[in-house]
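A.B. asks: Have a look at this one before I ask anything.
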2 protein chains.
Amino acid sequence: MDYTRQYPIYRIKGENINQEDDSIIVEYPFTIFIDDEEIITLLCTPKSLRHLALGFIYSEGFIDKMEDLDRLELDQENGRAYIYLKKRNKFNESFQGKRTITSGCGKGTVFYNVLDSLKSIKIETAVEIEIEKIKNFMRSFSRKSDLFLLTGGVHSCALYDINGILVFEEDIGRHNALDKILGKALEDGLDLSDKFILTSGRISSEIILKAAKRGIPLVVSRSAPTSLAIDIAKELNIGLVGFVRGEKLNIYSGSIPSSNS
Amino acid sequence: MDYTRQYPIYRIKGENINQEDDSIIVEYPFTIFIDDEEIITLLCTPKSLRHLALGFIYSEGFIDKMEDLDRLELDQENGRAYIYLKKRNKFNESFQGKRTITSGCGKGTVFYNVLDSLKSIKIETAVEIEIEKIKNFMRSFSRKSDLFLLTGGVHSCALYDINGILVFEEDIGRHNALDKILGKALEDGLDLSDKFILTSGRISSEIILKAAKRGIPLVVSRSAPTSLAIDIAKELNIGLVGFVRGEKLNIYSGSIPSSNS
C-alpha cells in the first residue's frame with residue numbers, strides 16, 4: 001500500500017508558475033472492529049496497520065497483553081481491522097461511548113474520563129539519561145522521516161532506551177504514530193518501564209495518558225506541551241521534556257538529569 | 001478565563017540550566033450537551049467558547065442557522081456547554097454514534113461517513129483572488145497569533161474576504177480554531193459563499209469537509225494537505241492552496257487565479 005500519491009499541482013514561486021507532480025501523503029480511513037463491534041475509524045497513514053490496530057487497543061486499554069488477543073484480521077482493501085479478543089479488559093467497558101475527543105494531531109480519542117485517569121497507577125520507574133544524549137537523539141530522530149521530507153505532512157514517533165532508537169514510526173496523526181510504537185512494543189513483549197518516547201508533535205493530555213497507561217516514564221518532544229499534559233505528567237510522575245531544538249530544551253516535569261552520569 | 005498559565009521549568013541552553021517560569025498554553029476539557037445528551041468533549045483553548053460550541057454544532061451539521069437554536073448555556077467553571085435546539089437537523093441523526101475519528105490537530109471528529117459526504121452539494125461559487133494577495137494575507141496572518149509566540153502551542157485560523165481578514169481565532173486544535181470561526185460566522189449571519197479560510201494547520205479531510213458543509217469555496221494553508229483532502233476538494237469544487245510560505249505556494253485544487261485581476 002502506498003504511503004504517498006502523486007498529484008498534479010501548480011507550484012508557484014514568485015512570478016513563476018509550474019504545473020508538475022507532487023508527492024502527497026495518503027490519508028487512509030481505517031476502521032477497527034472489536035468482536036464485530038465497530039469501535040472507531042482512524043484517519044491514518046497506511047503503514048504498519050497491524051501495529052496501529054494493536055497499539056490502539058493497547059493504549060486505549062482494551063487489552064493488556066498479547067495473550068488477551070484471539071486474532072487480528074486486516075482487510076487493507078476496505079481499510080478495516082477485525083480484532084477478536086479472548087479477554088476484554090473490564091476497566092474499559094464502562095467508558096465505551098464516553099469518548100473524549102481531543103486537541104491533538106492524531107485521532108485524538110481518549111476512551112475514558114481524563115480526570116478519572118489520574119487514579120491510574122503512578123509511574124514507579126525513571127529513565128536516567130544525560131541531557132546531551134537527549135539532544136543527540138532528537139537531532140538524528142528529526143532527520144529520520146523520509147515521508148516528512150517528501151510531503152511535510154507526517155508526525156514521527158520513536159521508542160528509545162538510553163542506548164538508542166528501538167522503534168520508529170510515522171503517521172499523519174501524532175496519536176497514531178504513538179499507537180504504532182505501542183503496538184510493536186506489545187507484539188514484541190517489550191518492557192517499557194526503562195524506555196522513553198521521542199515525538200515531533202505537541203504533547204497534549206492524551207499523549208501523556210497513552211504513555212502513562214503503558215508505564216512509559218519519559219516523553220520527549222520537539223514541540224510544546226499543554227497545561228493539562230504537564231499537570232498529568234507531574235501527577236503521574238512522568239518526565240516531560242519539550243522544545244528540544246539544537247542546544248536547547250525545556251524540562252516541564254521531572255528532575256534535571258545529571259549531565260555526567 | 002486564562003489562555004496560558006505559568007509553570008516552573010528548567011530551561012537548558014548548552015551548558016546553562018535556568019529554573020524559571022514559562023507560559024504554557026491551557027488545555028481545557030469542554031463538554032457539549034445537546035438537549036441534555038452528552039455529545040462530545042473537546043480539549044481546547046478556553047477562548048471564544050460560545051463560538052466554539054456554536055461552530056461545532058454548525059460545522060458538524062446539527063443545525064443550519066441560528067433560528068434552529070433555542071438557547072446555549074455556558075458553564076465555564078465546569079467546562080460545559082448546554083445547547084437546546086428548536087429543530088435538529090435530520091441528516092445528522094443517522095450518523096450519531098458513527099464517529100470517524102480523524103488525523104487532525106483539533107478534536108478531529110467527523111459525525112458522518114467521509115465518503116458519503118461526497119454526496120453533499122458541490123460548491124457553486126468561487127473566490128477570485130490574486131496570488132500576491134494570498135501571500136500577503138498569509139504573511140500578516142502568520143504574525144497574528146500572540147498565543148503562538150508566547151507558547152508555541154496553538155493553531156490559528158481566520159476567515160477572509162478578498163478585502164482582508166474578518167475573523168481570527170486560535171486554539172490548541174486546528175479543528176477547534178475553524179469551528180470558532182464558523183460559530184462566529186453563524187452568529188453574525190455571514191454569507192460564506194464568497195469567503196475563504198486561512199489556517200496554520202495541515203489540511204486533512206475533515207477540515208475540507210467542515211468548510212464544504214458550510215459552503216466555503218477556498219481553503220488556504222501554511223502547511224501540507226493530505227490525499228483525501230485533495231480528492232474531496234476536487235470532488236466538491238473547493239479551491240485548496242497549501243504551503244504558502246514567503247514567495248511560494250502550491251495550488252492543489254482549483255484553477256490559477258489571475259495575477260492581474
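Chain labels follow the order of the C-alpha cells: the first chain is A, the next B, and so on; residue numbering restarts at 1 in every chain, and ligands are counted from 1 in their shown order.
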Would you list, as number ranges by chain, the residues of range 230-261 of chain B that end up in alpha helix (DSSP H) under DSSP run on this structure's backbone?
C.D. replies: B: 230-236
A.B. asks: Could you do a least-squares fit of chain B on chain A over every C-alpha atom, in sequence order, and give the output as an mmCIF file with C-alpha atoms, in the first residue's frame?
C.D. replies:
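See part_29.cif below for the written result:
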data_model
loop_
_atom_site.group_PDB
_atom_site.id
_atom_site.type_symbol
_atom_site.label_atom_id
_atom_site.label_comp_id
_atom_site.auth_asym_id
_atom_site.auth_seq_id
_atom_site.Cartn_x
_atom_site.Cartn_y
_atom_site.Cartn_z
ATOM 1 C CA MET B 1 0.044 -0.004 0.002
ATOM 2 C CA ASP B 2 1.405 3.411 -0.992
ATOM 3 C CA TYR B 3 2.080 6.012 1.672
ATOM 4 C CA THR B 4 2.260 8.824 -0.859
ATOM 5 C CA ARG B 5 0.502 9.531 -4.121
ATOM 6 C CA GLN B 6 1.395 11.841 -7.014
ATOM 7 C CA TYR B 7 -0.937 14.748 -7.725
ATOM 8 C CA PRO B 8 -0.671 17.375 -10.452
ATOM 9 C CA ILE B 9 -0.262 20.769 -8.809
ATOM 10 C CA TYR B 10 0.580 24.331 -9.753
ATOM 11 C CA ARG B 11 3.788 25.246 -7.962
ATOM 12 C CA ILE B 12 4.212 28.968 -7.714
ATOM 13 C CA LYS B 13 7.422 30.738 -6.780
ATOM 14 C CA GLY B 14 7.479 34.482 -7.237
ATOM 15 C CA GLU B 15 6.290 35.091 -10.789
ATOM 16 C CA ASN B 16 6.892 31.509 -11.948
ATOM 17 C CA ILE B 17 4.059 29.053 -12.297
ATOM 18 C CA ASN B 18 4.907 25.423 -12.986
ATOM 19 C CA GLN B 19 2.501 22.579 -13.448
ATOM 20 C CA GLU B 20 4.157 19.488 -12.013
ATOM 21 C CA ASP B 21 3.532 16.371 -9.981
ATOM 22 C CA ASP B 22 3.913 16.501 -6.225
ATOM 23 C CA SER B 23 4.105 13.751 -3.599
ATOM 24 C CA ILE B 24 1.138 13.947 -1.249
ATOM 25 C CA ILE B 25 0.786 11.988 1.961
ATOM 26 C CA VAL B 26 -2.017 9.430 1.740
ATOM 27 C CA GLU B 27 -4.863 9.793 4.244
ATOM 28 C CA TYR B 28 -6.454 6.391 4.747
ATOM 29 C CA PRO B 29 -9.666 5.698 6.682
ATOM 30 C CA PHE B 30 -9.062 2.634 8.859
ATOM 31 C CA THR B 31 -11.930 1.200 10.867
ATOM 32 C CA ILE B 32 -11.294 -0.994 13.883
ATOM 33 C CA PHE B 33 -13.839 -3.606 14.913
ATOM 34 C CA ILE B 34 -13.577 -5.461 18.208
ATOM 35 C CA ASP B 35 -15.621 -8.649 18.444
ATOM 36 C CA ASP B 36 -17.635 -7.414 15.439
ATOM 37 C CA GLU B 37 -18.471 -4.106 17.080
ATOM 38 C CA GLU B 38 -17.363 -1.000 15.176
ATOM 39 C CA ILE B 39 -15.133 0.931 17.566
ATOM 40 C CA ILE B 40 -13.526 3.769 15.656
ATOM 41 C CA THR B 41 -12.372 4.994 12.281
ATOM 42 C CA LEU B 42 -8.854 6.353 12.349
ATOM 43 C CA LEU B 43 -7.632 8.542 9.525
ATOM 44 C CA CYS B 44 -4.047 7.489 9.187
ATOM 45 C CA THR B 45 -1.015 6.729 7.067
ATOM 46 C CA PRO B 46 -1.457 3.164 5.726
ATOM 47 C CA LYS B 47 1.852 1.954 7.135
ATOM 48 C CA SER B 48 2.245 -0.558 9.976
ATOM 49 C CA LEU B 49 -1.528 -1.000 10.098
ATOM 50 C CA ARG B 50 -1.294 -4.131 12.200
ATOM 51 C CA HIS B 51 0.748 -2.268 14.811
ATOM 52 C CA LEU B 52 -1.646 0.657 14.660
ATOM 53 C CA ALA B 53 -4.638 -1.563 15.376
ATOM 54 C CA LEU B 54 -2.814 -3.439 18.132
ATOM 55 C CA GLY B 55 -1.420 -0.237 19.599
ATOM 56 C CA PHE B 56 -4.792 1.446 19.589
ATOM 57 C CA ILE B 57 -6.495 -1.289 21.608
ATOM 58 C CA TYR B 58 -3.444 -1.489 23.874
ATOM 59 C CA SER B 59 -3.038 2.230 24.527
ATOM 60 C CA GLU B 60 -6.764 2.687 24.995
ATOM 61 C CA GLY B 61 -6.786 -0.139 27.488
ATOM 62 C CA PHE B 62 -8.900 -2.768 25.714
ATOM 63 C CA ILE B 63 -6.143 -5.326 26.283
ATOM 64 C CA ASP B 64 -3.058 -5.514 28.485
ATOM 65 C CA LYS B 65 -1.058 -8.246 26.793
ATOM 66 C CA MET B 66 -0.856 -10.221 23.561
ATOM 67 C CA GLU B 67 -2.408 -13.244 25.259
ATOM 68 C CA ASP B 68 -5.682 -11.288 25.561
ATOM 69 C CA LEU B 69 -5.864 -11.209 21.764
ATOM 70 C CA ASP B 70 -7.539 -14.069 19.956
ATOM 71 C CA ARG B 71 -6.777 -12.856 16.424
ATOM 72 C CA LEU B 72 -6.456 -9.785 14.219
ATOM 73 C CA GLU B 73 -7.598 -9.823 10.588
ATOM 74 C CA LEU B 74 -6.541 -6.996 8.311
ATOM 75 C CA ASP B 75 -8.665 -6.076 5.304
ATOM 76 C CA GLN B 76 -6.430 -3.473 3.708
ATOM 77 C CA GLU B 77 -8.546 -3.064 0.598
ATOM 78 C CA ASN B 78 -11.519 -1.880 2.618
ATOM 79 C CA GLY B 79 -9.498 -0.247 5.388
ATOM 80 C CA ARG B 80 -10.618 -2.489 8.203
ATOM 81 C CA ALA B 81 -9.135 -4.392 11.117
ATOM 82 C CA TYR B 82 -11.232 -7.111 12.739
ATOM 83 C CA ILE B 83 -9.992 -7.856 16.210
ATOM 84 C CA TYR B 84 -11.235 -10.721 18.322
ATOM 85 C CA LEU B 85 -10.356 -10.821 21.987
ATOM 86 C CA LYS B 86 -10.047 -13.714 24.388
ATOM 87 C CA LYS B 87 -10.482 -11.377 27.272
ATOM 88 C CA ARG B 88 -11.656 -7.813 27.279
ATOM 89 C CA ASN B 89 -10.216 -5.550 29.891
ATOM 90 C CA LYS B 90 -13.062 -4.612 32.186
ATOM 91 C CA PHE B 91 -11.817 -1.169 33.041
ATOM 92 C CA ASN B 92 -12.492 -0.030 29.541
ATOM 93 C CA GLU B 93 -16.060 -1.255 29.306
ATOM 94 C CA SER B 94 -17.656 1.413 31.420
ATOM 95 C CA PHE B 95 -16.089 4.153 29.370
ATOM 96 C CA GLN B 96 -17.400 2.956 26.053
ATOM 97 C CA GLY B 97 -19.376 5.687 24.424
ATOM 98 C CA LYS B 98 -17.865 8.375 26.600
ATOM 99 C CA ARG B 99 -15.188 9.394 24.243
ATOM 100 C CA THR B 100 -13.223 12.465 24.976
ATOM 101 C CA ILE B 101 -12.335 13.936 21.666
ATOM 102 C CA THR B 102 -9.112 15.678 21.974
ATOM 103 C CA SER B 103 -6.963 18.471 20.766
ATOM 104 C CA GLY B 104 -4.298 16.545 19.088
ATOM 105 C CA CYS B 105 -2.947 15.778 15.704
ATOM 106 C CA GLY B 106 -3.825 12.181 15.522
ATOM 107 C CA LYS B 107 -7.031 10.495 16.041
ATOM 108 C CA GLY B 108 -7.331 12.060 19.426
ATOM 109 C CA THR B 109 -9.760 9.892 21.284
ATOM 110 C CA VAL B 110 -9.362 9.030 24.885
ATOM 111 C CA PHE B 111 -11.715 6.284 25.885
ATOM 112 C CA TYR B 112 -12.063 7.389 29.465
ATOM 113 C CA ASN B 113 -12.479 10.422 31.558
ATOM 114 C CA VAL B 114 -9.308 12.473 31.588
ATOM 115 C CA LEU B 115 -9.532 13.323 35.240
ATOM 116 C CA ASP B 116 -10.467 9.837 36.352
ATOM 117 C CA SER B 117 -7.318 8.662 34.713
ATOM 118 C CA LEU B 118 -5.344 10.351 37.457
ATOM 119 C CA LYS B 119 -6.358 7.421 39.588
ATOM 120 C CA SER B 120 -4.089 5.298 37.410
ATOM 121 C CA ILE B 121 -1.028 3.839 38.989
ATOM 122 C CA LYS B 122 1.803 6.293 39.201
ATOM 123 C CA ILE B 123 4.919 5.570 37.240
ATOM 124 C CA GLU B 124 7.426 3.981 39.622
ATOM 125 C CA THR B 125 10.425 3.880 37.322
ATOM 126 C CA ALA B 126 12.558 6.611 35.811
ATOM 127 C CA VAL B 127 14.948 6.948 32.928
ATOM 128 C CA GLU B 128 18.343 8.360 33.856
ATOM 129 C CA ILE B 129 19.733 9.977 30.740
ATOM 130 C CA GLU B 130 22.176 12.787 30.111
ATOM 131 C CA ILE B 131 20.901 15.958 28.500
ATOM 132 C CA GLU B 132 23.471 15.711 25.721
ATOM 133 C CA LYS B 133 22.085 12.319 24.761
ATOM 134 C CA ILE B 134 18.559 13.684 24.531
ATOM 135 C CA LYS B 135 19.748 16.451 22.206
ATOM 136 C CA ASN B 136 21.695 13.998 20.055
ATOM 137 C CA PHE B 137 18.809 11.560 19.848
ATOM 138 C CA MET B 138 16.460 14.372 18.803
ATOM 139 C CA ARG B 139 18.887 15.522 16.125
ATOM 140 C CA SER B 140 19.007 12.134 14.424
ATOM 141 C CA PHE B 141 15.293 11.494 15.066
ATOM 142 C CA SER B 142 14.382 14.756 13.300
ATOM 143 C CA ARG B 143 16.248 13.715 10.172
ATOM 144 C CA LYS B 144 14.755 10.252 10.072
ATOM 145 C CA SER B 145 11.386 10.779 8.402
ATOM 146 C CA ASP B 146 11.657 10.412 4.643
ATOM 147 C CA LEU B 147 7.893 10.801 4.438
ATOM 148 C CA PHE B 148 8.135 14.194 6.125
ATOM 149 C CA LEU B 149 10.894 15.346 3.794
ATOM 150 C CA LEU B 150 8.788 14.228 0.836
ATOM 151 C CA THR B 151 5.381 15.530 1.913
ATOM 152 C CA GLY B 152 5.685 17.757 4.990
ATOM 153 C CA GLY B 153 2.572 16.024 6.214
ATOM 154 C CA VAL B 154 3.509 13.484 8.885
ATOM 155 C CA HIS B 155 4.461 13.242 12.514
ATOM 156 C CA SER B 156 7.193 10.946 13.753
ATOM 157 C CA CYS B 157 7.379 8.986 16.952
ATOM 158 C CA ALA B 158 10.047 6.637 18.250
ATOM 159 C CA LEU B 159 10.741 4.393 21.198
ATOM 160 C CA TYR B 160 14.209 4.681 22.743
ATOM 161 C CA ASP B 161 16.221 3.248 25.537
ATOM 162 C CA ILE B 162 19.320 5.011 26.801
ATOM 163 C CA ASN B 163 21.402 3.256 24.176
ATOM 164 C CA GLY B 164 19.392 4.499 21.223
ATOM 165 C CA ILE B 165 16.389 4.029 18.975
ATOM 166 C CA LEU B 166 14.330 0.822 19.076
ATOM 167 C CA VAL B 167 11.212 1.525 16.999
ATOM 168 C CA PHE B 168 10.419 4.375 14.590
ATOM 169 C CA GLU B 169 7.033 5.238 13.123
ATOM 170 C CA GLU B 170 5.334 7.935 11.065
ATOM 171 C CA ASP B 171 1.721 8.918 10.601
ATOM 172 C CA ILE B 172 -0.400 11.911 9.631
ATOM 173 C CA GLY B 173 -1.680 11.730 13.213
ATOM 174 C CA ARG B 174 0.685 12.015 16.147
ATOM 175 C CA HIS B 175 -1.529 9.721 18.216
ATOM 176 C CA ASN B 176 -1.474 7.116 15.498
ATOM 177 C CA ALA B 177 2.325 7.284 15.356
ATOM 178 C CA LEU B 178 2.487 6.641 19.108
ATOM 179 C CA ASP B 179 -0.057 3.821 18.866
ATOM 180 C CA LYS B 180 2.043 2.151 16.163
ATOM 181 C CA ILE B 181 5.028 2.263 18.521
ATOM 182 C CA LEU B 182 2.966 0.795 21.341
ATOM 183 C CA GLY B 183 1.552 -1.914 19.067
ATOM 184 C CA LYS B 184 5.041 -3.009 18.102
ATOM 185 C CA ALA B 185 6.115 -2.946 21.768
ATOM 186 C CA LEU B 186 3.101 -5.054 22.710
ATOM 187 C CA GLU B 187 3.747 -7.606 19.995
ATOM 188 C CA ASP B 188 7.432 -7.880 20.842
ATOM 189 C CA GLY B 189 6.735 -8.078 24.566
ATOM 190 C CA LEU B 190 8.964 -5.096 25.339
ATOM 191 C CA ASP B 191 9.258 -3.901 28.931
ATOM 192 C CA LEU B 192 8.508 -0.175 28.666
ATOM 193 C CA SER B 193 9.479 0.775 32.218
ATOM 194 C CA ASP B 194 12.995 1.835 31.174
ATOM 195 C CA LYS B 195 12.115 3.197 27.743
ATOM 196 C CA PHE B 196 11.082 6.628 26.514
ATOM 197 C CA ILE B 197 9.282 8.267 23.640
ATOM 198 C CA LEU B 198 10.516 10.909 21.212
ATOM 199 C CA THR B 199 7.868 12.691 19.181
ATOM 200 C CA SER B 200 7.783 15.511 16.658
ATOM 201 C CA GLY B 201 4.332 16.555 17.812
ATOM 202 C CA ARG B 202 2.957 18.670 20.581
ATOM 203 C CA ILE B 203 2.295 16.984 23.910
ATOM 204 C CA SER B 204 -1.326 17.198 24.909
ATOM 205 C CA SER B 205 -3.033 15.271 27.665
ATOM 206 C CA GLU B 206 -3.899 12.247 25.583
ATOM 207 C CA ILE B 207 -0.296 11.660 24.512
ATOM 208 C CA ILE B 208 0.817 11.670 28.143
ATOM 209 C CA LEU B 209 -2.096 9.428 29.089
ATOM 210 C CA LYS B 210 -1.290 6.890 26.399
ATOM 211 C CA ALA B 211 2.301 6.773 27.676
ATOM 212 C CA ALA B 212 1.151 6.647 31.299
ATOM 213 C CA LYS B 213 -1.225 3.769 30.753
ATOM 214 C CA ARG B 214 1.624 1.718 29.370
ATOM 215 C CA GLY B 215 4.134 2.675 32.057
ATOM 216 C CA ILE B 216 6.476 4.816 29.974
ATOM 217 C CA PRO B 217 8.376 7.101 32.373
ATOM 218 C CA LEU B 218 9.612 9.817 29.975
ATOM 219 C CA VAL B 219 8.200 11.682 26.968
ATOM 220 C CA VAL B 220 10.386 13.992 24.875
ATOM 221 C CA SER B 221 9.149 16.323 22.145
ATOM 222 C CA ARG B 222 10.435 18.853 19.624
ATOM 223 C CA SER B 223 7.286 20.839 20.306
ATOM 224 C CA ALA B 224 5.201 22.448 23.052
ATOM 225 C CA PRO B 225 3.278 20.773 25.864
ATOM 226 C CA THR B 226 -0.150 21.861 27.113
ATOM 227 C CA SER B 227 -1.029 22.718 30.706
ATOM 228 C CA LEU B 228 -3.060 19.545 31.174
ATOM 229 C CA ALA B 229 -0.216 17.409 29.848
ATOM 230 C CA ILE B 230 2.176 18.948 32.393
ATOM 231 C CA ASP B 231 -0.383 18.556 35.208
ATOM 232 C CA ILE B 232 -0.863 14.885 34.384
ATOM 233 C CA ALA B 233 2.860 14.249 33.917
ATOM 234 C CA LYS B 234 3.580 15.713 37.363
ATOM 235 C CA GLU B 235 0.699 13.846 38.960
ATOM 236 C CA LEU B 236 1.746 10.516 37.495
ATOM 237 C CA ASN B 237 5.474 11.046 37.917
ATOM 238 C CA ILE B 238 6.303 11.113 34.209
ATOM 239 C CA GLY B 239 9.231 13.102 32.885
ATOM 240 C CA LEU B 240 8.205 15.637 30.251
ATOM 241 C CA VAL B 241 10.806 17.373 28.092
ATOM 242 C CA GLY B 242 9.825 19.709 25.279
ATOM 243 C CA PHE B 243 11.131 22.124 22.649
ATOM 244 C CA VAL B 244 14.239 20.043 22.122
ATOM 245 C CA ARG B 245 15.888 22.063 19.360
ATOM 246 C CA GLY B 246 19.619 22.233 18.773
ATOM 247 C CA GLU B 247 21.309 23.111 22.053
ATOM 248 C CA LYS B 248 18.052 23.993 23.804
ATOM 249 C CA LEU B 249 15.410 22.066 25.664
ATOM 250 C CA ASN B 250 12.873 22.619 28.441
ATOM 251 C CA ILE B 251 12.121 20.261 31.317
ATOM 252 C CA TYR B 252 8.458 20.611 32.286
ATOM 253 C CA SER B 253 8.183 17.662 34.628
ATOM 254 C CA GLY B 254 10.868 15.614 36.340
ATOM 255 C CA SER B 255 14.275 16.383 37.710
ATOM 256 C CA ILE B 256 17.357 17.555 35.865
ATOM 257 C CA PRO B 257 19.194 14.541 34.618
ATOM 258 C CA SER B 258 22.812 14.464 35.660
ATOM 259 C CA SER B 259 24.968 15.669 32.794
ATOM 260 C CA ASN B 260 27.879 13.397 33.631
ATOM 261 C CA SER B 261 26.159 10.206 34.605
#
